[in-house]
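Shown next: data_33.pdb, given as PDB, C-alpha atoms.
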```pdb
ATOM      1  CA  MET W   1     135.013 137.529  79.335
ATOM      2  CA  TRP W   2     133.409 134.281  78.128
ATOM      3  CA  LEU W   3     136.716 132.525  78.570
ATOM      4  CA  TYR W   4     136.831 133.548  82.247
ATOM      5  CA  LEU W   5     133.254 132.418  82.760
ATOM      6  CA  ALA W   6     133.963 129.055  81.114
ATOM      7  CA  ALA W   7     137.089 128.631  83.263
ATOM      8  CA  LEU W   8     135.116 129.444  86.412
ATOM      9  CA  VAL W   9     132.396 126.939  85.538
ATOM     10  CA  GLY W  10     135.026 124.305  84.721
ATOM     11  CA  LEU W  11     136.876 124.850  87.999
ATOM     12  CA  SER W  12     133.622 124.721  89.926
ATOM     13  CA  TYR W  13     132.765 121.397  88.264
ATOM     14  CA  LEU W  14     136.210 119.952  89.024
ATOM     15  CA  LEU W  15     136.005 121.111  92.643
ATOM     16  CA  GLY W  16     132.629 119.402  92.946
ATOM     17  CA  LEU W  17     134.097 116.158  91.601
ATOM     18  CA  TYR W  18     137.035 116.399  93.998
ATOM     19  CA  LEU W  19     134.821 117.030  97.035
ATOM     20  CA  ARG W  20     132.164 114.450  96.164
ATOM     21  CA  ASP W  21     133.673 111.755  98.401
ATOM     22  CA  LYS W  22     135.140 114.088 101.007
ATOM     23  CA  TYR W  23     133.689 115.871 104.019
ATOM     24  CA  ILE W  24     134.154 119.533 104.823
ATOM     25  CA  PHE W  25     134.691 119.920 108.581
ATOM     26  CA  ILE W  26     133.209 123.056 110.162
ATOM     27  CA  THR W  27     133.136 124.050 113.839
ATOM     28  CA  GLY W  28     130.676 126.341 115.598
ATOM     29  CA  CYS W  29     127.662 125.045 113.704
ATOM     30  CA  ASP W  30     125.027 125.629 116.405
ATOM     31  CA  SER W  31     124.656 129.242 115.234
ATOM     32  CA  GLY W  32     126.381 132.098 113.467
ATOM     33  CA  PHE W  33     128.807 131.795 110.570
ATOM     34  CA  GLY W  34     129.321 128.059 111.028
ATOM     35  CA  ASN W  35     125.589 127.382 110.854
ATOM     36  CA  LEU W  36     125.153 129.543 107.761
ATOM     37  CA  LEU W  37     128.116 127.905 106.029
ATOM     38  CA  VAL W  38     126.788 124.410 106.739
ATOM     39  CA  ARG W  39     123.436 125.361 105.206
ATOM     40  CA  GLN W  40     125.026 126.821 102.085
ATOM     41  CA  LEU W  41     127.338 123.865 101.505
ATOM     42  CA  ASP W  42     124.529 121.370 102.053
ATOM     43  CA  LEU W  43     122.366 123.231  99.514
ATOM     44  CA  ARG W  44     125.234 122.950  97.044
ATOM     45  CA  GLY W  45     125.316 119.182  97.484
ATOM     46  CA  LEU W  46     128.540 118.924  99.474
ATOM     47  CA  ARG W  47     129.077 116.546 102.388
ATOM     48  CA  VAL W  48     129.574 118.362 105.679
ATOM     49  CA  LEU W  49     130.840 117.228 109.059
ATOM     50  CA  ALA W  50     129.347 119.838 111.405
ATOM     51  CA  ALA W  51     130.780 120.256 114.905
ATOM     52  CA  CYS W  52     128.200 121.592 117.355
ATOM     53  CA  LEU W  53     128.659 122.676 120.945
ATOM     54  CA  THR W  54     125.379 121.123 122.099
ATOM     55  CA  GLU W  55     123.377 118.032 121.268
ATOM     56  CA  GLU W  56     120.343 120.271 120.756
ATOM     57  CA  GLY W  57     122.189 122.225 118.071
ATOM     58  CA  ALA W  58     123.270 119.005 116.376
ATOM     59  CA  GLN W  59     119.722 117.609 116.435
ATOM     60  CA  GLN W  60     118.323 120.818 114.987
ATOM     61  CA  LEU W  61     120.823 120.732 112.121
ATOM     62  CA  ARG W  62     120.176 117.058 111.398
ATOM     63  CA  GLY W  63     116.456 117.767 111.254
ATOM     64  CA  GLN W  64     116.864 120.589 108.733
ATOM     65  CA  MET W  65     119.631 119.344 106.447
ATOM     66  CA  SER W  66     120.024 116.517 103.959
ATOM     67  CA  ASP W  67     121.478 113.101 104.695
ATOM     68  CA  ARG W  68     124.868 114.383 103.475
ATOM     69  CA  LEU W  69     125.274 116.112 106.856
ATOM     70  CA  GLU W  70     126.983 114.397 109.784
ATOM     71  CA  THR W  71     127.326 116.027 113.198
ATOM     72  CA  VAL W  72     129.750 115.722 116.110
ATOM     73  CA  ILE W  73     129.680 117.335 119.550
ATOM     74  CA  LEU W  74     132.760 119.495 120.077
ATOM     75  CA  ASP W  75     133.752 122.306 122.440
ATOM     76  CA  VAL W  76     136.812 123.850 120.796
ATOM     77  CA  THR W  77     137.746 125.614 124.047
ATOM     78  CA  LYS W  78     138.322 122.327 125.898
ATOM     79  CA  THR W  79     141.279 120.065 125.134
ATOM     80  CA  GLU W  80     139.402 117.004 126.429
ATOM     81  CA  SER W  81     136.531 117.614 124.022
ATOM     82  CA  ILE W  82     138.911 118.017 121.078
ATOM     83  CA  SER W  83     140.772 114.826 121.973
ATOM     84  CA  ALA W  84     137.563 112.867 122.446
ATOM     85  CA  ALA W  85     136.120 114.066 119.151
ATOM     86  CA  ALA W  86     139.356 113.339 117.304
ATOM     87  CA  GLN W  87     139.551 109.727 118.722
ATOM     88  CA  ARG W  88     135.168 108.556 118.790
ATOM     89  CA  GLU W  89     134.131 110.570 115.854
ATOM     90  CA  LEU W  90     136.664 112.521 113.535
ATOM     91  CA  SER W  91     139.095 109.678 112.873
ATOM     92  CA  TYR W  92     136.271 107.704 111.259
ATOM     93  CA  PHE W  93     136.007 110.414 108.608
ATOM     94  CA  GLY W  94     139.768 110.609 108.073
ATOM     95  CA  VAL W  95     140.083 114.206 109.259
ATOM     96  CA  LYS W  96     143.727 115.223 108.987
ATOM     97  CA  VAL W  97     143.630 118.916 109.917
ATOM     98  CA  ALA W  98     144.682 119.500 113.511
ATOM     99  CA  MET W  99     143.686 123.159 113.988
ATOM    100  CA  ILE W 100     142.377 126.165 112.097
ATOM    101  CA  GLU W 101     142.274 129.466 113.966
ATOM    102  CA  PRO W 102     139.927 132.298 113.037
ATOM    103  CA  GLY W 103     141.354 135.656 112.106
ATOM    104  CA  TYR W 104     140.287 139.154 113.018
ATOM    105  CA  PHE W 105     137.830 140.829 110.673
ATOM    106  CA  ASN W 106     137.734 144.608 110.659
ATOM    107  CA  THR W 107     134.037 145.422 110.392
ATOM    108  CA  ASP W 108     131.674 148.082 111.749
ATOM    109  CA  VAL W 109     130.921 145.741 114.643
ATOM    110  CA  THR W 110     134.539 146.092 115.809
ATOM    111  CA  ASN W 111     134.957 149.822 115.101
ATOM    112  CA  PRO W 112     135.035 151.622 118.500
ATOM    113  CA  GLU W 113     134.116 155.032 117.060
ATOM    114  CA  LYS W 114     131.048 153.678 115.268
ATOM    115  CA  ILE W 115     129.986 151.705 118.323
ATOM    116  CA  SER W 116     130.305 154.798 120.518
ATOM    117  CA  ARG W 117     128.427 156.956 118.007
ATOM    118  CA  ALA W 118     125.607 154.393 117.651
ATOM    119  CA  THR W 119     125.334 154.091 121.440
ATOM    120  CA  GLN W 120     125.111 157.867 121.811
ATOM    121  CA  GLU W 121     122.485 158.091 119.042
ATOM    122  CA  ALA W 122     120.399 155.385 120.719
ATOM    123  CA  TRP W 123     120.744 157.170 124.073
ATOM    124  CA  ASP W 124     119.630 160.454 122.524
ATOM    125  CA  ARG W 125     116.426 158.814 121.252
ATOM    126  CA  LEU W 126     115.450 157.443 124.682
ATOM    127  CA  SER W 127     112.682 158.988 126.733
ATOM    128  CA  PRO W 128     113.684 160.977 129.835
ATOM    129  CA  GLU W 129     112.159 158.248 132.022
ATOM    130  CA  VAL W 130     114.379 155.537 130.551
ATOM    131  CA  LYS W 131     117.445 157.776 130.738
ATOM    132  CA  GLU W 132     116.716 158.402 134.420
ATOM    133  CA  LEU W 133     116.243 154.672 135.044
ATOM    134  CA  TYR W 134     119.645 153.776 133.573
ATOM    135  CA  GLY W 135     121.489 156.956 134.478
ATOM    136  CA  GLU W 136     124.429 158.696 132.851
ATOM    137  CA  LYS W 137     126.871 156.180 134.374
ATOM    138  CA  PHE W 138     125.323 153.477 132.189
ATOM    139  CA  LEU W 139     126.063 155.476 129.032
ATOM    140  CA  ALA W 140     129.611 156.252 130.201
ATOM    141  CA  SER W 141     130.313 152.579 131.026
ATOM    142  CA  GLY W 142     129.658 151.503 127.433
ATOM    143  CA  GLU W 143     127.553 148.475 128.449
TER     144      GLU W 143
END
```
Please express what this file holds, its structure, as structure tokens.
Amino acid sequence: MWLYLAALVGLSYLLGLYLRDKYIFITGCDSGFGNLLVRQLDLRGLRVLAACLTEEGAQQLRGQMSDRLETVILDVTKTESISAAAQRELSYFGVKVAMIEPGYFNTDVTNPEKISRATQEAWDRLSPEVKELYGEKFLASGE
């Protein structure tokens, strides 16, 4: 067991040395997983290039993180935004990855049976007045 722990510590140290002069590029940093990942990597002393959808999101990150953080404005749903970021901003950092696509994660949030059951349980706890206000069609629509 100690050998595994020593190997893990050694690999972590080597990874830190390798990444010391490199940036980790993350999209979707205004909120959600991207924002949380940026915070964790910054706390670990890594340099992060955070792509935010809005200038407000970028300013908020810059105000809360260390000077190892750099931000760019990027809307990954628009080809023009990707091209512009790749030419004004990303090329300066030597970014070589063209695209990373997210995968599907099977969690309770995506489980239709659990969603339906939770919705029904919430409906059952509502007062008669609220149920009358929304109506049975609201429950059936799944909104």
Exercise. How many Å separate CA of Leu139 in chain W from CA of Thr110 in chain W?
Worked result: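 Spanning CA of Leu139 in chain W to CA of Thr110 in chain W is a straight-line distance of 18.3 Å.
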Problem set entry | Within-8 Å shell of (122.3, 125.8, 116.5) in input frame, all atoms listed in the file, as a ChimeraX atom specification | /W:29-31,35,52,54,56-58,60-61
Problem set entry | Atom-to-atom span, CA of Met65 in chain W and CA of Ser81 in chain W, Å | 24.4 Å
For this session: With a distance cut-off of 12 Å and all atoms listed in the file, select the neighbouring residues of Thr27 in chain W, excluding the residue or stretch itself and same-chain residues fewer than 4 positions from it, and output the selection as a PyMOL selection string.
Result: chain W and resi 31-38+48-54+57-58+71-77+82+85+99-102
Might I get the box with edges along x, y and z of the file that holds all atoms of range 78-89 of chain W listed there, padded by 6 Å on every side, given as centre and edge lengths in Å to one decimal, as AutoDock Vina command-line options?
```
--center_x 137.7 --center_y 115.4 --center_z 121.1 --size_x 19.1 --size_y 25.8 --size_z 22.6
```
Exercise. Hey, can you pull every residue with an atom no more than 10 Å from (124.5, 155.0, 122.5), using all atoms listed in the file, and send it as a PyMOL selection string?
Worked result: chain W and resi 114-126+138-140+142-143
Problem set entry | Distance in Å - CA of Leu41 in chain W versus CA of Gln64 in chain W |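 We find that CA of Leu41 in chain W and CA of Gln64 in chain W lie 13.1 Å from each other.
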Problem set entry | Nearest to Phe25 in chain W by atom-to-atom distance, counting all atoms listed in the file, from W:Pro112, W:Trp2, W:Glu129, W:Leu46 |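 Among the listed residues, the smallest separation from Phe25 in chain W belongs to W:Leu46.
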Start from the incomplete input, build N, CA, C and O atoms for range 114-135 of chain W, and deliver everything as a PDB file, in the coordinates of the input.
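Once everything was written out, this is part.pdb:
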```pdb
ATOM      1  N   LYS W 114     132.413 153.902 115.739  1.00  0.00           N
ATOM      2  CA  LYS W 114     131.048 153.678 115.268  1.00  0.00           C
ATOM      3  C   LYS W 114     130.165 153.103 116.363  1.00  0.00           C
ATOM      4  O   LYS W 114     128.993 153.442 116.466  1.00  0.00           O
ATOM      5  N   ILE W 115     130.741 152.261 117.196  1.00  0.00           N
ATOM      6  CA  ILE W 115     129.986 151.705 118.323  1.00  0.00           C
ATOM      7  C   ILE W 115     129.603 152.824 119.285  1.00  0.00           C
ATOM      8  O   ILE W 115     128.452 152.921 119.725  1.00  0.00           O
ATOM      9  N   SER W 116     130.558 153.691 119.608  1.00  0.00           N
ATOM     10  CA  SER W 116     130.305 154.798 120.518  1.00  0.00           C
ATOM     11  C   SER W 116     129.262 155.752 119.946  1.00  0.00           C
ATOM     12  O   SER W 116     128.347 156.184 120.653  1.00  0.00           O
ATOM     13  N   ARG W 117     129.383 156.053 118.661  1.00  0.00           N
ATOM     14  CA  ARG W 117     128.427 156.956 118.007  1.00  0.00           C
ATOM     15  C   ARG W 117     127.024 156.352 117.994  1.00  0.00           C
ATOM     16  O   ARG W 117     126.038 157.029 118.303  1.00  0.00           O
ATOM     17  N   ALA W 118     126.912 155.056 117.673  1.00  0.00           N
ATOM     18  CA  ALA W 118     125.607 154.393 117.651  1.00  0.00           C
ATOM     19  C   ALA W 118     124.988 154.344 119.039  1.00  0.00           C
ATOM     20  O   ALA W 118     123.774 154.521 119.199  1.00  0.00           O
ATOM     21  N   THR W 119     125.827 154.114 120.065  1.00  0.00           N
ATOM     22  CA  THR W 119     125.334 154.091 121.440  1.00  0.00           C
ATOM     23  C   THR W 119     124.802 155.460 121.838  1.00  0.00           C
ATOM     24  O   THR W 119     123.731 155.580 122.434  1.00  0.00           O
ATOM     25  N   GLN W 120     125.542 156.509 121.482  1.00  0.00           N
ATOM     26  CA  GLN W 120     125.111 157.867 121.811  1.00  0.00           C
ATOM     27  C   GLN W 120     123.811 158.209 121.079  1.00  0.00           C
ATOM     28  O   GLN W 120     122.900 158.808 121.660  1.00  0.00           O
ATOM     29  N   GLU W 121     123.708 157.819 119.806  1.00  0.00           N
ATOM     30  CA  GLU W 121     122.485 158.091 119.042  1.00  0.00           C
ATOM     31  C   GLU W 121     121.287 157.363 119.648  1.00  0.00           C
ATOM     32  O   GLU W 121     120.192 157.923 119.740  1.00  0.00           O
ATOM     33  N   ALA W 122     121.482 156.128 120.080  1.00  0.00           N
ATOM     34  CA  ALA W 122     120.399 155.385 120.719  1.00  0.00           C
ATOM     35  C   ALA W 122     120.003 156.048 122.039  1.00  0.00           C
ATOM     36  O   ALA W 122     118.815 156.173 122.355  1.00  0.00           O
ATOM     37  N   TRP W 123     121.006 156.493 122.799  1.00  0.00           N
ATOM     38  CA  TRP W 123     120.744 157.170 124.073  1.00  0.00           C
ATOM     39  C   TRP W 123     119.929 158.452 123.844  1.00  0.00           C
ATOM     40  O   TRP W 123     118.988 158.737 124.574  1.00  0.00           O
ATOM     41  N   ASP W 124     120.317 159.191 122.816  1.00  0.00           N
ATOM     42  CA  ASP W 124     119.630 160.454 122.524  1.00  0.00           C
ATOM     43  C   ASP W 124     118.160 160.251 122.166  1.00  0.00           C
ATOM     44  O   ASP W 124     117.347 161.156 122.362  1.00  0.00           O
ATOM     45  N   ARG W 125     117.815 159.093 121.638  1.00  0.00           N
ATOM     46  CA  ARG W 125     116.426 158.814 121.252  1.00  0.00           C
ATOM     47  C   ARG W 125     115.573 158.309 122.418  1.00  0.00           C
ATOM     48  O   ARG W 125     114.354 158.213 122.291  1.00  0.00           O
ATOM     49  N   LEU W 126     116.191 157.978 123.543  1.00  0.00           N
ATOM     50  CA  LEU W 126     115.450 157.443 124.682  1.00  0.00           C
ATOM     51  C   LEU W 126     114.600 158.525 125.352  1.00  0.00           C
ATOM     52  O   LEU W 126     114.943 159.701 125.333  1.00  0.00           O
ATOM     53  N   SER W 127     113.536 158.070 125.976  1.00  0.00           N
ATOM     54  CA  SER W 127     112.682 158.988 126.733  1.00  0.00           C
ATOM     55  C   SER W 127     113.419 159.399 128.010  1.00  0.00           C
ATOM     56  O   SER W 127     114.301 158.684 128.495  1.00  0.00           O
ATOM     57  N   PRO W 128     113.047 160.547 128.582  1.00  0.00           N
ATOM     58  CA  PRO W 128     113.684 160.977 129.835  1.00  0.00           C
ATOM     59  C   PRO W 128     113.515 159.957 130.956  1.00  0.00           C
ATOM     60  O   PRO W 128     114.416 159.798 131.782  1.00  0.00           O
ATOM     61  N   GLU W 129     112.390 159.244 130.982  1.00  0.00           N
ATOM     62  CA  GLU W 129     112.159 158.248 132.022  1.00  0.00           C
ATOM     63  C   GLU W 129     113.175 157.112 131.942  1.00  0.00           C
ATOM     64  O   GLU W 129     113.720 156.655 132.950  1.00  0.00           O
ATOM     65  N   VAL W 130     113.419 156.639 130.734  1.00  0.00           N
ATOM     66  CA  VAL W 130     114.379 155.537 130.551  1.00  0.00           C
ATOM     67  C   VAL W 130     115.793 156.006 130.863  1.00  0.00           C
ATOM     68  O   VAL W 130     116.562 155.301 131.511  1.00  0.00           O
ATOM     69  N   LYS W 131     116.118 157.233 130.430  1.00  0.00           N
ATOM     70  CA  LYS W 131     117.445 157.776 130.738  1.00  0.00           C
ATOM     71  C   LYS W 131     117.651 157.869 132.247  1.00  0.00           C
ATOM     72  O   LYS W 131     118.730 157.563 132.762  1.00  0.00           O
ATOM     73  N   GLU W 132     116.607 158.294 132.965  1.00  0.00           N
ATOM     74  CA  GLU W 132     116.716 158.402 134.420  1.00  0.00           C
ATOM     75  C   GLU W 132     116.875 157.022 135.060  1.00  0.00           C
ATOM     76  O   GLU W 132     117.644 156.844 135.998  1.00  0.00           O
ATOM     77  N   LEU W 133     116.167 156.027 134.514  1.00  0.00           N
ATOM     78  CA  LEU W 133     116.243 154.672 135.044  1.00  0.00           C
ATOM     79  C   LEU W 133     117.663 154.114 134.937  1.00  0.00           C
ATOM     80  O   LEU W 133     118.197 153.544 135.874  1.00  0.00           O
ATOM     81  N   TYR W 134     118.287 154.303 133.775  1.00  0.00           N
ATOM     82  CA  TYR W 134     119.645 153.776 133.573  1.00  0.00           C
ATOM     83  C   TYR W 134     120.719 154.704 134.126  1.00  0.00           C
ATOM     84  O   TYR W 134     121.747 154.257 134.607  1.00  0.00           O
ATOM     85  N   GLY W 135     120.533 155.997 133.981  1.00  0.00           N
ATOM     86  CA  GLY W 135     121.489 156.956 134.478  1.00  0.00           C
ATOM     87  C   GLY W 135     122.648 157.189 133.528  1.00  0.00           C
ATOM     88  O   GLY W 135     122.932 156.390 132.630  1.00  0.00           O
TER      89      GLY W 135
END
```
